[in-house]
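Remarks on the structure that follows.
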There are 4 protein chains.
Amino acid sequence: VAVVGSGDDGAPTLAAAEEAGRRLAEAGAVVICGGLGGVMAAACRGAVGAGGLTVGILPGAEADAANPWVRVPVPTGLGELRNGVVVRSADAVLAIGGEYGTLVEVAFALKVGRPVVGLGTWGLRRPDGRPDRSLVEAPDVATAVADVLALGRRRGQRAP
Amino acid sequence: VAVVGSGDDGAPTLAAAEEAGRRLAEAGAVVICGGLGGVMAAACRGAVGAGGLTVGILPGAEADAANPWVRVPVPTGLGELRNGVVVRSADAVLAIGGEYGTLVEVAFALKVGRPVVGLGTWGLRRPDGRPDRSLVEAPDVATAVADVLALGRRRGQRAP
Amino acid sequence: VAVVGSGDDGAPTLAAAEEAGRRLAEAGAVVICGGLGGVMAAACRGAVGAGGLTVGILPGAEADAANPWVRVPVPTGLGELRNGVVVRSADAVLAIGGEYGTLVEVAFALKVGRPVVGLGTWGLRRPDGRPDRSLVEAPDVATAVADVLALGRRRGQRAP
Amino acid sequence: VAVVGSGDDGAPTLAAAEEAGRRLAEAGAVVICGGLGGVMAAACRGAVGAGGLTVGILPGAEADAANPWVRVPVPTGLGELRNGVVVRSADAVLAIGGEYGTLVEVAFALKVGRPVVGLGTWGLRRPDGRPDRSLVEAPDVATAVADVLALGRRRGQRAP
């Protein structure tokens, strides 16, 4: 499961990200993220605290930019294009809060068919004026994690 | 100027894209797009008809997937990540209609600081519930082209 | 440490790759590779048999193309450009046998300053006619693994 | 045709690159390169002087790093991975002199099936000890340009 969110967000969002990381690790999921600070670091810290495996898909060319809770750093040298690799590496995406980088990841996930669960994140109105229903907003962390695990598991089983 | 939109859209959207391509070429702008069909082909056709230069940043590894109005095909082999290169190659972005791929390009443009003008495209609500004002929706093609040219020119002059 | 080599190579090369994977895992190194078959699968099999962690940086967009011994698949969707990410993710590179894809990885590693040890791999003559001494050819698997671990450790300590 | 070579090479190499750019443009070929200085700038200068079209596939995220003779800058933000896009965008590759970046481009071209003509560039010895015959070394600029045009034309016609 990929956890996506801003590198620069407030304390309630970071607490939600840490709880999400912990819950995902407890369920046996690998936590994949962009490898930097903010929501990414909080989710990794939560996952590592619960004995989980964490992967950081980094924008830069060197592994040492990863936050200390990334177990497997992948320095892509792709810059912001690495957001697409974060999303592809996961069976489902959990978007927490977020700035434009998170919007890129949500959009990319919808484009390549990864299910997305949101927690206080972007809302999308389609060109025809209707809201986009593919991005499911969850009421709390526990529900968000349960939903993203269920969607990811379904996709993992269906994938050829 | 990058023109972004779906490869599979209706006739009014395609007519708007062709008119936008023509107007951009008449103003001396290079039309950059994803190089495939639909809005991309219509914008290129309009630009070439007015004697303009067109660049197609293709997802695949071979140039022959480009539509016939692409003067300079760039087959990246990047798949959907090529959307980020389309946006980076331009000083401003005009989004016409669109599916999820267009949303990726709009999001990426906002992320990397390219101004975006929309014409019947996605609407964005920020995580705090307010609409995002960076994506400017235009009332018609002539206004959209004038706005995107002005924004692109300002950025081109400011860029270091 | 990245182990690079062809997806389609003979039995002696595969046996060397499996032994290299085993020795790297026994030394505590993470084995990073392109995630597919041949030398990549043999190195992963060796590493997993010794309890090691394996990462597969895949060219395609779906994780299920990974060989069964990849613990962390990273489907990049970058096609052959993913070879650059394989190399960047490692502190040192071990090239075993190989076709043109391996040559890309060796060249990329030299370009971005990752030390490379070769085992029956490409030889390089510089434009001025002299052989390139940056690619060190090892006489056997045990020496190759010892060399690549020493070079990778030195780089890992030096990296900022 | 892509012209690849170092950003930092001596005067005879640069003179050869400028002559090659001029001859390619006179033959009606588009000159594609990495967009920066050295061999890249010399080839573009030669091509523009003969009225040709030049494309610069840049490593960085901004167009203004392009040399002044690049007509169509494509800022990829891919870093050194952009070398793969340079090669894919061409029907044939001319390698002049060069450092490791040029070796990456030669290797990538061989990997993805673009014919390569060399002019004082790298030599390759295959893992089985034999020289690699796919990289054709030319005796002078006129021959190199004639060869690369013939090979590129053959590929352009054959491509599906």
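Ligands are numbered from 1 in the order shown, chains are lettered A, B, ... in the order of the structure tokens, and residues start at 1 in each chain.
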List as a Markdown table every residue of chain B that is in contact with chain D, defined as an atom at most 8 Å from one of its atoms (using only C-alpha atoms), together with the nearest atom pair and the distance in Å rounded to one decimal, sorted by chain and then rising number.
```
| residue | atom | partner | partner_atom | distance |
| --- | --- | --- | --- | --- |
| B:Ala61 | CA | D:Arg88 | CA | 6.3 |
| B:Glu62 | CA | D:Arg88 | CA | 7.0 |
| B:Ala63 | CA | D:Ser89 | CA | 6.9 |
| B:Asp64 | CA | D:Pro160 | CA | 7.2 |
| B:Pro73 | CA | D:Ser89 | CA | 7.1 |
| B:Val74 | CA | D:Ser89 | CA | 5.1 |
| B:Pro75 | CA | D:Ser89 | CA | 5.3 |
| B:Thr76 | CA | D:Val85 | CA | 5.0 |
| B:Gly77 | CA | D:Val85 | CA | 7.3 |
| B:Gly84 | CA | D:Thr76 | CA | 7.8 |
| B:Val85 | CA | D:Thr76 | CA | 5.0 |
| B:Arg88 | CA | D:Pro75 | CA | 6.1 |
| B:Ser89 | CA | D:Val74 | CA | 5.1 |
| B:Ala159 | CA | D:Asp64 | CA | 7.5 |
| B:Pro160 | CA | D:Asp64 | CA | 7.1 |
```
With N, CA, C and O atoms retained, export the selected residues as a JSON list (two decimals), in the first residue's frame.
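For reference, selection.json as written:
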```json
[["chain", "number", "residue", "atom", "x", "y", "z"],
["B", 61, "ALA", "N", 7.86, 3.92, -27.35],
["B", 61, "ALA", "CA", 9.28, 3.94, -27.68],
["B", 61, "ALA", "C", 9.53, 4.19, -29.16],
["B", 61, "ALA", "O", 10.68, 4.25, -29.59],
["B", 62, "GLU", "N", 8.47, 4.35, -29.95],
["B", 62, "GLU", "CA", 8.67, 4.54, -31.38],
["B", 62, "GLU", "C", 7.93, 5.79, -31.86],
["B", 62, "GLU", "O", 6.81, 6.06, -31.44],
["B", 63, "ALA", "N", 8.57, 6.50, -32.79],
["B", 63, "ALA", "CA", 8.02, 7.78, -33.26],
["B", 63, "ALA", "C", 6.76, 7.61, -34.10],
["B", 63, "ALA", "O", 5.96, 8.53, -34.24],
["B", 64, "ASP", "N", 6.55, 6.42, -34.67],
["B", 64, "ASP", "CA", 5.46, 6.31, -35.64],
["B", 64, "ASP", "C", 4.08, 6.25, -34.99],
["B", 64, "ASP", "O", 3.08, 6.20, -35.71],
["B", 73, "PRO", "N", 8.44, 14.46, -33.30],
["B", 73, "PRO", "CA", 8.03, 13.44, -32.34],
["B", 73, "PRO", "C", 9.17, 13.11, -31.37],
["B", 73, "PRO", "O", 10.32, 13.01, -31.77],
["B", 74, "VAL", "N", 8.83, 12.97, -30.09],
["B", 74, "VAL", "CA", 9.81, 12.58, -29.08],
["B", 74, "VAL", "C", 9.28, 11.33, -28.38],
["B", 74, "VAL", "O", 8.51, 11.42, -27.43],
["B", 75, "PRO", "N", 9.69, 10.14, -28.87],
["B", 75, "PRO", "CA", 9.21, 8.89, -28.25],
["B", 75, "PRO", "C", 10.01, 8.62, -26.98],
["B", 75, "PRO", "O", 11.18, 8.28, -27.05],
["B", 76, "THR", "N", 9.39, 8.79, -25.82],
["B", 76, "THR", "CA", 10.14, 8.74, -24.57],
["B", 76, "THR", "C", 10.30, 7.33, -24.01],
["B", 76, "THR", "O", 11.23, 7.08, -23.26],
["B", 77, "GLY", "N", 9.35, 6.43, -24.33],
["B", 77, "GLY", "CA", 9.36, 5.14, -23.67],
["B", 77, "GLY", "C", 9.02, 5.21, -22.19],
["B", 77, "GLY", "O", 9.21, 4.26, -21.46],
["B", 84, "GLY", "N", 4.47, 14.24, -17.47],
["B", 84, "GLY", "CA", 5.28, 15.22, -16.75],
["B", 84, "GLY", "C", 6.24, 15.96, -17.68],
["B", 84, "GLY", "O", 6.52, 17.14, -17.49],
["B", 85, "VAL", "N", 6.74, 15.27, -18.70],
["B", 85, "VAL", "CA", 7.66, 15.90, -19.64],
["B", 85, "VAL", "C", 6.91, 16.88, -20.55],
["B", 85, "VAL", "O", 7.41, 17.96, -20.88],
["B", 88, "ARG", "N", 6.53, 20.02, -18.44],
["B", 88, "ARG", "CA", 7.80, 20.72, -18.22],
["B", 88, "ARG", "C", 8.28, 21.44, -19.48],
["B", 88, "ARG", "O", 9.00, 22.43, -19.38],
["B", 89, "SER", "N", 7.95, 20.89, -20.65],
["B", 89, "SER", "CA", 8.46, 21.47, -21.90],
["B", 89, "SER", "C", 7.78, 22.79, -22.26],
["B", 89, "SER", "O", 8.21, 23.45, -23.20],
["B", 159, "ALA", "N", 11.73, 33.31, -16.20],
["B", 159, "ALA", "CA", 12.60, 32.14, -15.99],
["B", 159, "ALA", "C", 14.07, 32.57, -16.07],
["B", 159, "ALA", "O", 14.44, 33.36, -16.92],
["B", 160, "PRO", "N", 14.89, 32.04, -15.17],
["B", 160, "PRO", "CA", 16.28, 32.49, -15.06],
["B", 160, "PRO", "C", 17.07, 32.22, -16.36],
["B", 160, "PRO", "O", 16.91, 31.19, -16.95]]
```
**OP:** Would you list, as an MDAnalysis selection string, the residues of stretch 61-154 of chain B that end up in strand (DSSP E or B) under DSSP run on this structure's backbone?
**Re:** chainID B and resid 72:75 93:96 116:119 123:125 131 135:137
Subject >> Close residues, B:Ala50 itself excluded, 7 Å, only C-alpha atoms, min 6 positions apart in chain, as JSON, numbers by chain >> reply: {"B": [22, 25, 26]}
**OP:** Grab the atom CA of B:Ala66 to atom CA of D:Gly113 distance for me, in Å with one decimal place.
**Re:**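 For atom CA of B:Ala66 relative to atom CA of D:Gly113, the distance reads 19.3 Å.
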Original post:
Closest to A:Ala146 among A:Ala27, A:Val48, A:Val104, A:Ala95, using only C-alpha atoms?
Top reply: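 Closest to A:Ala146, using only C-alpha atoms: A:Ala27.
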Original post:
What separation in Å, quoted to one decimal, exists between atom CA of B:Leu103 and atom CA of B:Cys44?
Top reply: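 Pair atom CA of B:Leu103 / atom CA of B:Cys44 returns 20.3 Å.
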Please identify which residues in stretch 5-57 of chain C DSSP calls helix (DSSP H, G or I) from the backbone, and express them as a PDB file with C-alpha atoms, in the first residue's frame.
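File produced: states31.pdb:
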```
ATOM      1  CA  ALA C  11      24.127 -22.272 -16.895  1.00  0.00           C
ATOM      2  CA  PRO C  12      27.642 -21.368 -15.671  1.00  0.00           C
ATOM      3  CA  THR C  13      26.712 -17.668 -15.592  1.00  0.00           C
ATOM      4  CA  LEU C  14      23.503 -18.440 -13.697  1.00  0.00           C
ATOM      5  CA  ALA C  15      25.377 -20.588 -11.173  1.00  0.00           C
ATOM      6  CA  ALA C  16      27.802 -17.702 -10.601  1.00  0.00           C
ATOM      7  CA  ALA C  17      24.895 -15.290 -10.131  1.00  0.00           C
ATOM      8  CA  GLU C  18      23.203 -17.581  -7.596  1.00  0.00           C
ATOM      9  CA  GLU C  19      26.439 -17.978  -5.633  1.00  0.00           C
ATOM     10  CA  ALA C  20      26.956 -14.202  -5.721  1.00  0.00           C
ATOM     11  CA  GLY C  21      23.431 -13.608  -4.403  1.00  0.00           C
ATOM     12  CA  ARG C  22      24.006 -16.080  -1.585  1.00  0.00           C
ATOM     13  CA  ARG C  23      27.347 -14.555  -0.604  1.00  0.00           C
ATOM     14  CA  LEU C  24      25.962 -11.004  -0.683  1.00  0.00           C
ATOM     15  CA  ALA C  25      23.033 -11.968   1.554  1.00  0.00           C
ATOM     16  CA  GLU C  26      25.350 -13.774   3.979  1.00  0.00           C
ATOM     17  CA  VAL C  39      20.963 -13.626 -13.875  1.00  0.00           C
ATOM     18  CA  MET C  40      18.435 -11.462 -12.003  1.00  0.00           C
ATOM     19  CA  ALA C  41      16.361 -14.436 -10.831  1.00  0.00           C
ATOM     20  CA  ALA C  42      19.447 -16.527  -9.997  1.00  0.00           C
ATOM     21  CA  ALA C  43      20.926 -13.776  -7.811  1.00  0.00           C
ATOM     22  CA  CYS C  44      17.597 -13.299  -6.002  1.00  0.00           C
ATOM     23  CA  ARG C  45      17.192 -17.054  -5.482  1.00  0.00           C
ATOM     24  CA  GLY C  46      20.655 -17.236  -3.949  1.00  0.00           C
ATOM     25  CA  ALA C  47      19.990 -14.275  -1.676  1.00  0.00           C
ATOM     26  CA  VAL C  48      16.572 -15.464  -0.490  1.00  0.00           C
ATOM     27  CA  GLY C  49      17.989 -18.936   0.229  1.00  0.00           C
TER      28      GLY C  49
END
```
Original post:
Which residue out of D:Gly37, D:Gly5, D:Gly51, D:Gly101 has the minimum interatomic distance to D:Gly118 when only C-alpha atoms are used?
Top reply: D:Gly5
**OP:** Figure out the distance between atom CA of B:Gly152 and atom CA of B:Arg114, please, to one decimal in Å.
**Re:**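 Going from atom CA of B:Arg114 over to atom CA of B:Gly152 covers 8.1 Å.
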**OP:** Pick out the residues sitting within 9 Å of C:Leu135, and hand them over as a list in words; count only C-alpha atoms, and ignore anything fewer than 4 positions along from it in its own chain.
**Re:**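 In the requested format, the answer is Val106, Leu110, Pro115, Val116, Val117, Gly118, Trp122, Gly123 and Leu124 of chain C.
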Kindly save the residues from that selection, with N, CA, C and O atoms included, as a short mmCIF file (atom, residue, chain, number, x, y, z; two decimals), in the first residue's frame.
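Wrote part.cif, looks like this:
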```
data_model
loop_
_atom_site.label_atom_id
_atom_site.label_comp_id
_atom_site.auth_asym_id
_atom_site.auth_seq_id
_atom_site.Cartn_x
_atom_site.Cartn_y
_atom_site.Cartn_z
N VAL C 106 26.28 -0.98 -16.82
CA VAL C 106 27.69 -0.72 -16.53
C VAL C 106 28.02 0.74 -16.88
O VAL C 106 28.64 1.46 -16.08
N LEU C 110 29.15 3.81 -14.26
CA LEU C 110 30.38 4.59 -14.39
C LEU C 110 30.04 6.08 -14.48
O LEU C 110 30.72 6.93 -13.89
N PRO C 115 30.87 2.29 -8.19
CA PRO C 115 31.93 1.36 -8.58
C PRO C 115 31.34 0.08 -9.17
O PRO C 115 30.28 -0.38 -8.74
N VAL C 116 32.03 -0.47 -10.17
CA VAL C 116 31.54 -1.66 -10.87
C VAL C 116 32.61 -2.75 -10.83
O VAL C 116 33.77 -2.50 -11.14
N VAL C 117 32.20 -3.95 -10.45
CA VAL C 117 33.05 -5.14 -10.54
C VAL C 117 32.44 -6.05 -11.60
O VAL C 117 31.22 -6.26 -11.61
N GLY C 118 33.26 -6.58 -12.51
CA GLY C 118 32.77 -7.44 -13.58
C GLY C 118 33.19 -8.88 -13.39
O GLY C 118 34.25 -9.16 -12.83
N TRP C 122 31.48 -7.18 -20.13
CA TRP C 122 31.99 -6.35 -21.21
C TRP C 122 33.37 -5.76 -20.91
O TRP C 122 33.69 -5.49 -19.75
N GLY C 123 34.15 -5.52 -21.95
CA GLY C 123 35.40 -4.77 -21.85
C GLY C 123 35.24 -3.46 -22.59
O GLY C 123 34.55 -3.39 -23.61
N LEU C 124 35.87 -2.40 -22.07
CA LEU C 124 35.68 -1.05 -22.63
C LEU C 124 37.02 -0.44 -23.04
O LEU C 124 37.96 -0.41 -22.25
#
```
**OP:** For stretch 127-131 of chain C, please output as a ChimeraX atom specification all residues within 7 Å (counting only C-alpha atoms; exclusion window: fewer than 4 positions along the same chain).
**Re:** /D:97-98,120-122
